[in-house]
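J.: Sharing start32.txt (compact mmCIF, C-alpha atoms) below.
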# COMPACT_ATOMS: atom_id res chain seq x y z
CA MET A 1 211.19 -25.71 -166.78
CA ALA A 2 211.07 -22.00 -166.05
CA PHE A 3 208.88 -21.02 -163.18
CA LYS A 4 207.50 -17.57 -162.52
CA PRO A 5 209.56 -15.69 -159.89
CA SER A 6 207.09 -16.26 -157.09
CA ALA A 7 207.18 -20.04 -157.66
CA LYS A 8 210.90 -20.25 -158.22
CA ARG A 9 212.71 -22.48 -155.82
CA LYS A 10 214.49 -20.33 -153.37
CA ALA A 11 217.64 -21.48 -151.73
CA LEU A 12 217.07 -21.60 -148.03
CA GLU A 13 219.42 -19.47 -145.98
CA GLU A 14 221.54 -21.61 -143.81
CA ASN A 15 221.73 -20.81 -140.16
CA VAL A 16 225.42 -20.66 -139.49
CA GLU A 17 226.28 -21.01 -135.84
CA PRO A 18 229.47 -19.16 -134.96
CA ASN A 19 232.20 -21.39 -133.64
CA ILE A 20 232.61 -20.21 -130.07
CA THR A 21 234.68 -23.16 -128.90
CA PRO A 22 237.96 -21.16 -128.79
CA ILE A 23 236.24 -18.44 -126.78
CA MET A 24 234.88 -21.03 -124.35
CA ASN A 25 238.40 -22.48 -124.04
CA LEU A 26 239.67 -19.04 -123.09
CA MET A 27 236.91 -18.60 -120.52
CA VAL A 28 237.58 -22.00 -118.97
CA VAL A 29 241.24 -21.12 -118.49
CA LEU A 30 240.85 -17.50 -117.41
CA ILE A 31 238.06 -17.91 -114.91
CA PRO A 32 239.73 -20.50 -112.62
CA MET A 33 242.96 -18.53 -112.76
CA LEU A 34 241.25 -15.30 -111.74
CA LEU A 35 239.19 -17.11 -109.11
CA SER A 36 242.40 -18.32 -107.47
CA VAL A 37 243.72 -14.76 -107.06
CA ALA A 38 240.44 -12.97 -106.52
CA GLN A 39 240.21 -11.14 -103.26
CA PHE A 40 236.69 -11.29 -101.98
CA VAL A 41 237.86 -9.97 -98.64
CA GLN A 42 240.13 -6.92 -98.61
CA LEU A 43 243.13 -7.38 -96.36
CA SER A 44 245.47 -4.80 -94.91
CA LEU A 45 248.36 -4.71 -92.46
CA LEU A 46 248.49 -3.25 -89.00
CA GLU A 47 252.18 -2.46 -88.48
CA TYR A 48 253.68 -2.68 -85.04
CA LEU A 49 257.26 -1.73 -84.20
CA PRO A 50 258.15 -2.56 -80.62
CA PRO A 51 260.79 -0.29 -79.12
CA PRO A 52 264.37 -1.58 -79.15
CA ILE A 53 265.25 -3.36 -75.92
CA GLU A 54 267.94 -0.78 -75.03
CA ASP A 55 265.33 2.01 -75.27
CA VAL A 56 263.05 0.20 -72.85
CA ALA A 57 265.91 -0.33 -70.39
CA SER A 58 266.99 3.32 -70.41
CA GLU A 59 263.48 4.78 -69.98
CA GLY A 60 263.04 5.41 -66.30
CA GLY A 61 259.91 7.29 -65.42
CA GLY A 62 260.76 10.69 -66.80
CA GLY A 63 257.13 11.67 -66.87
CA GLY A 64 256.01 15.22 -66.34
CA GLU A 65 257.68 18.49 -66.95
CA GLY A 66 259.58 18.77 -63.69
CA GLY A 67 262.05 15.89 -64.25
CA SER A 68 265.69 16.28 -65.13
CA GLY A 69 265.30 14.53 -68.52
CA PRO A 70 263.30 15.69 -71.56
CA ALA A 71 259.60 16.20 -70.96
CA LEU A 72 257.61 12.99 -71.37
CA MET A 73 253.85 12.83 -71.66
CA ASP A 74 253.66 9.15 -70.71
CA LEU A 75 250.21 8.60 -72.24
CA LEU A 76 248.74 5.37 -70.97
CA VAL A 77 245.46 3.77 -71.98
CA ASN A 78 244.33 0.97 -69.69
CA VAL A 79 241.65 -1.35 -71.00
CA GLY A 80 239.93 -2.18 -67.75
CA ASP A 81 236.85 -4.15 -66.80
CA ASN A 82 234.77 -0.98 -66.43
CA GLY A 83 236.03 0.90 -69.47
CA PHE A 84 239.09 2.85 -70.53
CA GLU A 85 241.41 4.68 -68.15
CA VAL A 86 243.46 7.40 -69.85
CA SER A 87 246.39 8.72 -67.87
CA LEU A 88 249.03 11.40 -68.54
CA PHE A 89 252.32 12.08 -66.78
CA GLY A 90 251.89 8.96 -64.65
CA ASP A 91 248.91 10.42 -62.77
CA ASN A 92 246.11 8.17 -61.58
CA LYS A 93 243.79 10.97 -60.40
CA GLY A 94 243.10 14.59 -61.07
CA GLU A 95 242.84 16.42 -64.35
CA ASN A 96 245.40 14.16 -66.09
CA PHE A 97 243.42 11.01 -65.43
CA ARG A 98 240.11 10.22 -67.09
CA VAL A 99 237.85 7.22 -67.03
CA ILE A 100 235.74 6.51 -70.11
CA PRO A 101 233.08 4.10 -68.86
CA LYS A 102 231.47 1.42 -70.94
CA LEU A 103 228.29 2.17 -72.84
CA PRO A 104 224.91 1.17 -71.35
CA ASP A 105 224.89 -1.99 -73.49
CA GLY A 106 228.17 -3.12 -71.91
CA SER A 107 230.42 -2.41 -74.91
CA TYR A 108 233.56 -0.29 -74.79
CA ASP A 109 233.16 3.35 -75.82
CA PHE A 110 235.71 3.58 -78.64
CA ASP A 111 234.24 6.84 -79.91
CA GLY A 112 234.68 8.34 -76.45
CA LEU A 113 238.26 7.11 -76.34
CA HIS A 114 238.93 8.62 -79.75
CA ALA A 115 237.47 11.96 -78.66
CA GLU A 116 239.60 11.99 -75.52
CA LEU A 117 242.76 11.20 -77.49
CA VAL A 118 241.95 13.99 -79.95
CA ARG A 119 241.54 16.37 -77.01
CA ILE A 120 244.94 15.35 -75.63
CA LYS A 121 246.59 15.75 -79.01
CA THR A 122 245.12 19.15 -79.80
CA GLN A 123 245.09 20.76 -76.36
CA ILE A 124 247.96 19.18 -74.46
CA VAL A 125 250.43 18.16 -77.16
CA GLY A 126 249.54 21.03 -79.48
CA GLN A 127 251.20 21.96 -82.75
CA PRO A 128 254.73 20.80 -83.65
CA ILE A 129 257.48 23.21 -82.65
CA ASP A 130 259.93 22.03 -85.33
CA VAL A 131 260.35 19.63 -88.26
CA GLN A 132 263.41 17.43 -88.78
CA GLU A 133 264.46 15.01 -91.50
CA THR A 134 266.19 11.98 -90.03
CA GLU A 135 267.14 8.49 -91.13
CA ASP A 136 265.34 5.65 -89.42
CA PRO A 137 268.14 3.38 -88.13
CA ARG A 138 265.97 0.31 -88.47
CA THR A 139 264.61 0.75 -91.98
CA GLY A 140 267.25 3.09 -93.43
CA LYS A 141 264.63 5.39 -94.93
CA THR A 142 264.58 9.16 -94.52
CA VAL A 143 261.57 10.25 -92.54
CA ARG A 144 260.18 13.69 -91.88
CA ARG A 145 259.76 13.99 -88.16
CA GLU A 146 257.70 16.60 -86.40
CA ILE A 147 259.10 17.73 -83.07
CA PHE A 148 256.65 18.41 -80.27
CA LYS A 149 257.19 19.79 -76.83
CA TYR A 150 256.94 16.25 -75.48
CA GLU A 151 259.45 13.73 -76.73
CA ASP A 152 256.89 10.91 -76.70
CA ALA A 153 254.10 12.95 -78.30
CA ASN A 154 253.38 10.23 -80.90
CA LYS A 155 253.56 7.32 -78.49
CA MET A 156 250.82 5.67 -76.56
CA ASN A 157 251.10 2.84 -74.08
CA VAL A 158 248.27 0.34 -74.22
CA ALA A 159 247.82 -1.99 -71.29
CA ALA A 160 245.15 -4.63 -70.99
CA LYS A 161 244.53 -7.90 -69.23
CA GLY A 162 245.76 -10.97 -70.99
CA ASP A 163 242.33 -12.44 -71.58
CA ILE A 164 241.00 -9.45 -73.55
CA PRO A 165 240.22 -10.56 -77.14
CA TRP A 166 242.66 -9.31 -79.76
CA GLN A 167 239.87 -7.54 -81.70
CA PHE A 168 239.40 -5.05 -78.83
CA ILE A 169 243.05 -4.08 -78.91
CA VAL A 170 242.84 -3.62 -82.69
CA HIS A 171 239.88 -1.27 -82.16
CA VAL A 172 241.90 0.71 -79.58
CA LEU A 173 244.75 1.06 -82.08
CA ASP A 174 242.25 2.16 -84.75
CA ALA A 175 240.86 4.81 -82.37
CA ALA A 176 244.37 6.13 -81.75
CA ARG A 177 245.74 6.10 -85.32
CA ASP A 178 244.51 9.37 -86.85
CA TYR A 179 241.81 12.02 -86.69
CA GLU A 180 240.24 14.70 -88.89
CA ASP A 181 241.00 18.29 -88.05
CA GLU A 182 238.60 21.23 -88.50
CA ASN A 183 239.49 21.43 -92.22
CA GLY A 184 238.71 17.76 -92.78
CA ALA A 185 242.38 16.82 -93.26
CA LYS A 186 243.57 13.53 -91.74
CA LYS A 187 246.33 13.95 -89.19
CA PRO A 188 248.19 11.38 -87.12
CA LEU A 189 247.04 10.96 -83.55
CA PHE A 190 249.22 8.48 -81.66
CA PRO A 191 250.47 6.14 -84.39
CA SER A 192 253.23 4.51 -82.31
CA PRO A 193 251.58 2.23 -79.80
CA LEU A 194 253.46 0.24 -77.21
CA LEU A 195 251.58 -2.89 -76.19
CA GLY A 196 251.74 -4.06 -72.62
CA GLN A 197 249.81 -6.19 -70.18
CA ILE A 198 248.13 -5.44 -66.88
CA GLN A 199 249.29 -8.06 -64.44
CA MET B 200 198.02 -46.18 -154.47
CA ALA B 201 196.39 -43.16 -152.89
CA PHE B 202 195.68 -43.42 -149.20
CA ALA B 203 193.34 -41.30 -147.16
CA PRO B 204 195.19 -38.37 -145.68
CA SER B 205 195.02 -39.88 -142.20
CA LYS B 206 196.69 -43.07 -143.37
CA ARG B 207 199.37 -41.45 -145.52
CA ARG B 208 202.88 -42.34 -144.45
CA ARG B 209 204.29 -39.39 -142.67
CA LEU B 210 207.93 -38.89 -143.24
CA LYS B 211 209.50 -38.17 -139.89
CA VAL B 212 212.37 -35.79 -140.29
CA GLN B 213 215.14 -36.46 -137.86
CA ARG B 214 216.65 -33.24 -136.65
CA GLU B 215 219.62 -32.77 -134.43
CA ALA B 216 219.04 -30.71 -131.36
CA THR B 217 221.57 -27.96 -131.01
CA VAL B 218 222.50 -26.49 -127.70
CA SER B 219 222.42 -22.75 -127.65
CA LEU B 220 225.51 -21.47 -125.91
CA ASN B 221 224.47 -17.85 -125.95
CA SER B 222 223.28 -17.82 -122.35
CA MET B 223 226.41 -19.58 -121.16
CA MET B 224 228.54 -17.06 -123.01
CA ASP B 225 226.65 -14.21 -121.35
CA MET B 226 227.20 -15.75 -117.93
CA MET B 227 230.90 -16.39 -118.57
CA THR B 228 231.41 -12.84 -119.78
CA ILE B 229 229.81 -11.36 -116.68
CA ILE B 230 231.83 -13.61 -114.37
CA LEU B 231 235.01 -12.76 -116.24
CA LEU B 232 234.37 -9.03 -116.00
CA PHE B 233 233.67 -9.31 -112.28
CA LEU B 234 236.85 -11.29 -111.64
CA LEU B 235 238.92 -8.90 -113.71
CA LYS B 236 237.56 -6.06 -111.63
CA SER B 237 238.47 -7.77 -108.37
CA TYR B 238 241.84 -8.97 -109.61
CA SER B 239 244.51 -8.20 -107.10
CA THR B 240 248.19 -9.14 -106.94
CA THR B 241 248.13 -8.89 -103.17
CA GLY B 242 245.46 -11.56 -103.12
CA ALA B 243 248.05 -13.99 -104.44
CA LEU B 244 250.57 -12.96 -101.78
CA ILE B 245 248.44 -13.38 -98.70
CA LYS B 246 245.29 -15.42 -98.49
CA PRO B 247 243.34 -15.38 -95.23
CA ALA B 248 244.30 -18.64 -93.56
CA ILE B 249 241.70 -18.23 -90.82
CA PRO B 250 238.19 -16.91 -91.32
CA ASN B 251 237.92 -14.73 -88.21
CA LEU B 252 240.63 -12.12 -88.64
CA PRO B 253 240.00 -8.90 -86.72
CA LYS B 254 238.59 -5.92 -88.60
CA SER B 255 240.47 -2.63 -88.75
CA THR B 256 240.37 0.73 -90.51
CA VAL B 257 244.07 0.61 -91.41
CA GLN B 258 244.75 0.81 -95.18
CA THR B 259 248.31 -0.58 -95.55
CA GLU B 260 248.54 -3.15 -98.37
CA PRO B 261 249.71 -6.65 -97.41
CA LYS B 262 253.11 -7.93 -98.42
CA ARG B 263 254.76 -11.29 -98.07
CA VAL B 264 257.40 -11.91 -95.38
CA LEU B 265 257.73 -14.74 -92.84
CA GLY B 266 254.11 -15.70 -92.16
CA LEU B 267 252.67 -17.11 -88.96
CA ILE B 268 249.10 -18.02 -88.12
CA LEU B 269 247.83 -17.71 -84.56
CA SER B 270 244.54 -19.44 -83.92
CA GLU B 271 242.81 -21.27 -81.07
CA GLN B 272 244.64 -24.41 -82.19
CA GLY B 273 248.09 -22.90 -81.78
CA LEU B 274 250.78 -21.06 -83.69
CA PHE B 275 251.48 -22.33 -87.20
CA HIS B 276 253.91 -21.48 -89.98
CA ASP B 277 252.01 -20.13 -92.97
CA VAL B 278 253.29 -22.14 -95.93
CA GLU B 279 251.61 -23.16 -99.16
CA GLY B 280 249.54 -26.29 -98.91
CA GLU B 281 246.85 -27.72 -96.71
CA GLN B 282 249.06 -28.80 -93.80
CA LYS B 283 250.52 -25.88 -91.87
CA PRO B 284 253.40 -26.95 -89.60
CA LEU B 285 252.76 -26.37 -85.90
CA VAL B 286 255.33 -24.06 -84.31
CA THR B 287 253.93 -23.60 -80.80
CA ALA B 288 251.18 -25.57 -79.10
CA VAL B 289 248.32 -24.05 -77.14
CA ASP B 290 249.78 -25.17 -73.78
CA GLU B 291 252.89 -23.11 -74.30
CA LEU B 292 250.91 -20.10 -75.53
CA ALA B 293 248.55 -20.19 -72.56
CA SER B 294 251.27 -20.80 -69.97
CA GLU B 295 251.71 -17.86 -67.61
CA GLU B 296 255.11 -18.99 -66.37
CA GLU B 297 257.29 -17.89 -69.24
CA LEU B 298 257.12 -14.87 -71.50
CA ILE B 299 259.60 -16.30 -74.04
CA MET B 300 258.40 -19.45 -75.80
CA PRO B 301 261.29 -21.86 -76.50
CA SER B 302 259.64 -23.54 -79.50
CA LEU B 303 259.00 -20.25 -81.29
CA GLU B 304 262.44 -18.95 -80.36
CA ALA B 305 264.07 -22.06 -81.82
CA PHE B 306 261.96 -21.82 -84.99
CA LEU B 307 262.90 -18.17 -85.57
CA LEU B 308 266.58 -18.79 -84.86
CA ASP B 309 266.56 -21.68 -87.34
CA ARG B 310 264.96 -19.44 -89.92
CA GLN B 311 267.58 -16.74 -89.39
CA GLU B 312 270.38 -19.29 -89.57
CA LEU B 313 268.97 -20.55 -92.86
CA ASP B 314 268.95 -16.99 -94.20
CA ARG B 315 272.61 -16.62 -93.27
CA GLN B 316 273.54 -19.89 -94.94
CA LEU B 317 271.71 -18.83 -98.11
CA GLY B 318 273.42 -15.45 -98.07
CA LYS B 319 270.10 -13.61 -97.73
CA LYS B 320 269.26 -10.70 -95.47
CA VAL B 321 268.37 -12.10 -92.09
CA THR B 322 264.60 -12.04 -91.53
CA GLU B 323 263.60 -9.30 -89.10
CA GLU B 324 259.98 -8.92 -90.03
CA MET B 325 257.00 -11.19 -89.78
CA THR B 326 253.38 -11.25 -90.86
CA LEU B 327 250.98 -12.54 -88.26
CA GLN B 328 247.43 -13.65 -88.99
CA ALA B 329 245.82 -13.73 -85.56
CA ALA B 330 242.19 -14.65 -84.99
CA ASP B 331 240.04 -11.90 -83.53
CA ASN B 332 239.06 -13.88 -80.43
CA ILE B 333 242.42 -15.11 -79.23
CA PRO B 334 243.71 -13.73 -75.90
CA TYR B 335 245.81 -10.60 -76.02
CA SER B 336 248.48 -12.32 -73.88
CA TRP B 337 249.21 -14.75 -76.72
CA ILE B 338 249.97 -11.84 -79.06
CA LEU B 339 252.29 -10.30 -76.48
CA LYS B 340 254.15 -13.59 -76.01
CA VAL B 341 254.69 -14.00 -79.75
CA VAL B 342 255.92 -10.41 -80.05
CA GLN B 343 258.17 -10.66 -76.99
CA THR B 344 259.69 -13.94 -78.14
CA ALA B 345 260.33 -12.67 -81.64
CA ALA B 346 261.72 -9.35 -80.37
CA SER B 347 264.17 -11.26 -78.18
CA VAL B 348 265.72 -12.74 -81.36
CA ASP B 349 265.92 -9.34 -83.06
CA PHE B 350 262.67 -9.21 -84.95
CA ILE B 351 261.89 -5.52 -85.28
CA LYS B 352 258.64 -5.32 -87.24
CA PHE B 353 255.33 -7.09 -86.94
CA ASP B 354 252.55 -6.87 -89.49
CA PHE B 355 249.19 -8.03 -88.22
CA VAL B 356 246.87 -9.05 -91.04
CA VAL B 357 243.41 -7.57 -90.61
CA ILE B 358 240.26 -7.26 -92.66
CA LYS B 359 239.77 -3.78 -94.07
CA THR B 360 236.65 -2.11 -92.85
CA THR B 361 235.11 1.35 -92.88
CA GLU B 362 235.19 3.70 -89.91
CA GLY B 363 233.82 2.58 -86.62
CA ALA B 364 234.42 -0.31 -84.29
As structure tokens, how would this structure be written, given the file I've shared?
T.:
Amino acid sequence: MAFKPSAKRKALEENVEPNITPIMNLMVVLIPMLLSVAQFVQLSLLEYLPPPIEDVASEGGGGGEGGSGPALMDLLVNVGDNGFEVSLFGDNKGENFRVIPKLPDGSYDFDGLHAELVRIKTQIVGQPIDVQETEDPRTGKTVRREIFKYEDANKMNVAAKGDIPWQFIVHVLDAARDYEDENGAKKPLFPSPLLGQIQ
Amino acid sequence: MAFAPSKRRRLKVQREATVSLNSMMDMMTIILLFLLKSYSTTGALIKPAIPNLPKSTVQTEPKRVLGLILSEQGLFHDVEGEQKPLVTAVDELASEEELIMPSLEAFLLDRQELDRQLGKKVTEEMTLQAADNIPYSWILKVVQTAASVDFIKFDFVVIKTTEGA
């Protein structure tokens, strides 16, 4: 029987659900794999190269400019109970010895330490007098080495009591790693620390 | 027989309930994009074995060498798996009598001997995950002991942070 168009049976459109099972399979595999290698906490490395034992044995207090050996700055940062003590040329008083006291809240003044180290680097060490390319005997790589008027211009001795938490020493090393000059460029400060202990 | 409309048999149509997976797909896509963004090969090399690593501004990327973990419970060898072998106990770490720790010295010498037997380059570098609150003297003892058996480089694992202590 012919019906008028408006009364004609109309085939209902089927709702076709897309088959997303393969996509779900992919998600179920990928997500656990990526979760296992995801880094929610960024890690980095703080490199420390202790001096070779023969270097430690041959160093014998050549601090200052009046000694017979090459000029040594002998920068020492003591982490004391009352704050930081920064010493040059082995002095424990005078213009080459500074105490950076703790802040009023009892915490160490790392910003003050950083400022003092920048002052030493810019005013006492000064600009490099020469540049040399040498091979590091330990790693075998060629390194570009700036020569300063003091042979130990990049070195800093850090001494602290044995019960100081490790985080404080890490902060001291951070304060001594690099600084920004007047042009905003990052330059190394004292990137070669030597860790020691106050007895 | 015609029944009143209220008494007419009503044909109940059984329908199957379908679960809409659209929302789950949206969630999975967002999670996948986030994980892809934070994908890191270094994350597979070193995972923080202790939660309280110190924070530092240094930017050097981690790499995998001989790994040790120094926590309040002692010094452990960082190997895959739940159980980390103890290398040095707390008593030896805290002792003020000796700077060189015999247990650690023996462990490192064994490791170097193994490298020689396998024909590999003798290990001279170690990665140390040290908790932020452990005494500084423990760090010095580990470094001194390792340096006495010709370890020349120490990489302390830290959590990257922005400027400022």
J.: How close does each residue of chain A get to chain B, giving the shortest atom pair and distance in Å to one decimal for every residue with an atom at most 10 Å away, counting all atoms listed in the file, sorted by chain and residue number, as JSON lines?
T.:
{"residue": "A:Glu17", "atom": "CA", "partner": "B:Ser219", "partner_atom": "CA", "distance": 9.2}
{"residue": "A:Ile20", "atom": "CA", "partner": "B:Leu220", "partner_atom": "CA", "distance": 8.3}
{"residue": "A:Thr21", "atom": "CA", "partner": "B:Leu220", "partner_atom": "CA", "distance": 9.8}
{"residue": "A:Ile23", "atom": "CA", "partner": "B:Met224", "partner_atom": "CA", "distance": 8.7}
{"residue": "A:Met24", "atom": "CA", "partner": "B:Met224", "partner_atom": "CA", "distance": 7.6}
{"residue": "A:Met27", "atom": "CA", "partner": "B:Met227", "partner_atom": "CA", "distance": 6.7}
{"residue": "A:Val28", "atom": "CA", "partner": "B:Met227", "partner_atom": "CA", "distance": 8.7}
{"residue": "A:Leu30", "atom": "CA", "partner": "B:Leu231", "partner_atom": "CA", "distance": 7.6}
{"residue": "A:Ile31", "atom": "CA", "partner": "B:Leu231", "partner_atom": "CA", "distance": 6.1}
{"residue": "A:Pro32", "atom": "CA", "partner": "B:Leu234", "partner_atom": "CA", "distance": 9.7}
{"residue": "A:Met33", "atom": "CA", "partner": "B:Leu234", "partner_atom": "CA", "distance": 9.5}
{"residue": "A:Leu34", "atom": "CA", "partner": "B:Leu234", "partner_atom": "CA", "distance": 6.0}
{"residue": "A:Leu35", "atom": "CA", "partner": "B:Leu234", "partner_atom": "CA", "distance": 6.8}
{"residue": "A:Ser36", "atom": "CA", "partner": "B:Ala243", "partner_atom": "CA", "distance": 7.7}
{"residue": "A:Val37", "atom": "CA", "partner": "B:Ala243", "partner_atom": "CA", "distance": 5.1}
{"residue": "A:Ala38", "atom": "CA", "partner": "B:Tyr238", "partner_atom": "CA", "distance": 5.2}
{"residue": "A:Gln39", "atom": "CA", "partner": "B:Gly242", "partner_atom": "CA", "distance": 5.3}
{"residue": "A:Phe40", "atom": "CA", "partner": "B:Ser237", "partner_atom": "CA", "distance": 7.5}
{"residue": "A:Val41", "atom": "CA", "partner": "B:Ile358", "partner_atom": "CA", "distance": 7.0}
{"residue": "A:Gln42", "atom": "CA", "partner": "B:Lys359", "partner_atom": "CA", "distance": 5.5}
{"residue": "A:Leu43", "atom": "CA", "partner": "B:Ile358", "partner_atom": "CA", "distance": 4.7}
{"residue": "A:Ser44", "atom": "CA", "partner": "B:Glu260", "partner_atom": "CA", "distance": 4.9}
{"residue": "A:Leu45", "atom": "CA", "partner": "B:Val356", "partner_atom": "CA", "distance": 4.8}
{"residue": "A:Leu46", "atom": "CA", "partner": "B:Phe355", "partner_atom": "CA", "distance": 4.9}
{"residue": "A:Glu47", "atom": "CA", "partner": "B:Asp354", "partner_atom": "CA", "distance": 4.5}
{"residue": "A:Tyr48", "atom": "CA", "partner": "B:Phe353", "partner_atom": "CA", "distance": 5.1}
{"residue": "A:Leu49", "atom": "CA", "partner": "B:Lys352", "partner_atom": "CA", "distance": 4.9}
{"residue": "A:Pro50", "atom": "CA", "partner": "B:Ile351", "partner_atom": "CA", "distance": 6.7}
{"residue": "A:Pro51", "atom": "CA", "partner": "B:Ile351", "partner_atom": "CA", "distance": 8.2}
{"residue": "A:Pro52", "atom": "CA", "partner": "B:Ile351", "partner_atom": "CA", "distance": 7.7}
{"residue": "A:Ile53", "atom": "CA", "partner": "B:Ala346", "partner_atom": "CA", "distance": 8.3}
{"residue": "A:Tyr108", "atom": "CA", "partner": "B:Ala364", "partner_atom": "CA", "distance": 9.5}
{"residue": "A:Asp109", "atom": "CA", "partner": "B:Ala364", "partner_atom": "CA", "distance": 9.3}
{"residue": "A:Phe110", "atom": "CA", "partner": "B:Ala364", "partner_atom": "CA", "distance": 7.0}
{"residue": "A:Asp111", "atom": "CA", "partner": "B:Gly363", "partner_atom": "CA", "distance": 8.0}
{"residue": "A:Arg138", "atom": "CA", "partner": "B:Ile351", "partner_atom": "CA", "distance": 7.8}
{"residue": "A:Thr139", "atom": "CA", "partner": "B:Ile351", "partner_atom": "CA", "distance": 9.6}
{"residue": "A:Ala160", "atom": "CA", "partner": "B:Tyr335", "partner_atom": "CA", "distance": 7.8}
{"residue": "A:Lys161", "atom": "CA", "partner": "B:Tyr335", "partner_atom": "CA", "distance": 7.4}
{"residue": "A:Gly162", "atom": "CA", "partner": "B:Ser336", "partner_atom": "CA", "distance": 4.2}
{"residue": "A:Asp163", "atom": "CA", "partner": "B:Pro334", "partner_atom": "CA", "distance": 4.7}
{"residue": "A:Ile164", "atom": "CA", "partner": "B:Tyr335", "partner_atom": "CA", "distance": 5.5}
{"residue": "A:Pro165", "atom": "CA", "partner": "B:Asn332", "partner_atom": "CA", "distance": 4.8}
{"residue": "A:Trp166", "atom": "CA", "partner": "B:Tyr335", "partner_atom": "CA", "distance": 5.1}
{"residue": "A:Gln167", "atom": "CA", "partner": "B:Asp331", "partner_atom": "CA", "distance": 4.7}
{"residue": "A:Phe168", "atom": "CA", "partner": "B:Asp331", "partner_atom": "CA", "distance": 8.3}
{"residue": "A:Ile169", "atom": "CA", "partner": "B:Tyr335", "partner_atom": "CA", "distance": 7.6}
{"residue": "A:Val170", "atom": "CA", "partner": "B:Ser255", "partner_atom": "CA", "distance": 6.6}
{"residue": "A:His171", "atom": "CA", "partner": "B:Ala364", "partner_atom": "CA", "distance": 5.9}
{"residue": "A:Val172", "atom": "CA", "partner": "B:Ala364", "partner_atom": "CA", "distance": 8.9}
{"residue": "A:Leu173", "atom": "CA", "partner": "B:Ser255", "partner_atom": "CA", "distance": 8.7}
{"residue": "A:Asp174", "atom": "CA", "partner": "B:Thr256", "partner_atom": "CA", "distance": 6.2}
{"residue": "A:Ala175", "atom": "CA", "partner": "B:Ala364", "partner_atom": "CA", "distance": 8.4}
{"residue": "A:Arg177", "atom": "CA", "partner": "B:Val257", "partner_atom": "CA", "distance": 8.4}
{"residue": "A:Asp178", "atom": "CA", "partner": "B:Val257", "partner_atom": "CA", "distance": 9.9}
{"residue": "A:Leu195", "atom": "CA", "partner": "B:Leu339", "partner_atom": "CA", "distance": 7.4}
{"residue": "A:Gly196", "atom": "CA", "partner": "B:Leu339", "partner_atom": "CA", "distance": 7.4}
{"residue": "A:Gln197", "atom": "CA", "partner": "B:Ser336", "partner_atom": "CA", "distance": 7.3}
{"residue": "A:Ile198", "atom": "CA", "partner": "B:Ser336", "partner_atom": "CA", "distance": 9.8}
J.: Just the number, please: distance in Å from CA of Met226 (chain B) to CA of Pro18 (chain A), one decimal.
T.: 17.5 Å
J.: Select all residues near (245.9, 13.0, -86.1) (cut-off 12 Å, inclusive, file coordinates), counting only C-alpha atoms, and output them as a ChimeraX atom specification.
T.: /A:114-115,117-122,125-127,153-154,174-182,184-192
J.: Please determine an axis-aligned box that encloses all atoms of region 288-293 of chain B listed in the file, with 5 Å added on each side, and express its centre and edge lengths in Å to one decimal as JSON.
T.:
{"center_x": 250.6, "center_y": -22.8, "center_z": -75.8, "size_x": 14.6, "size_y": 15.5, "size_z": 16.5}
J.: Rounded to one decimal, what separation in Å do you get between CA of Asn157 (chain A) and CA of Ser87 (chain A)?
T.: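 Distance between the two atoms: 9.8 Å.
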J.: May I ask which of the residues A:Gln123, A:Asp152, A:Val29, A:Ile147 is the closest one to Asp74 (chain A), counting all atoms listed in the file?
T.: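 Ranking A:Gln123, A:Asp152, A:Val29, A:Ile147 by distance to Asp74 (chain A), first place goes to A:Asp152.
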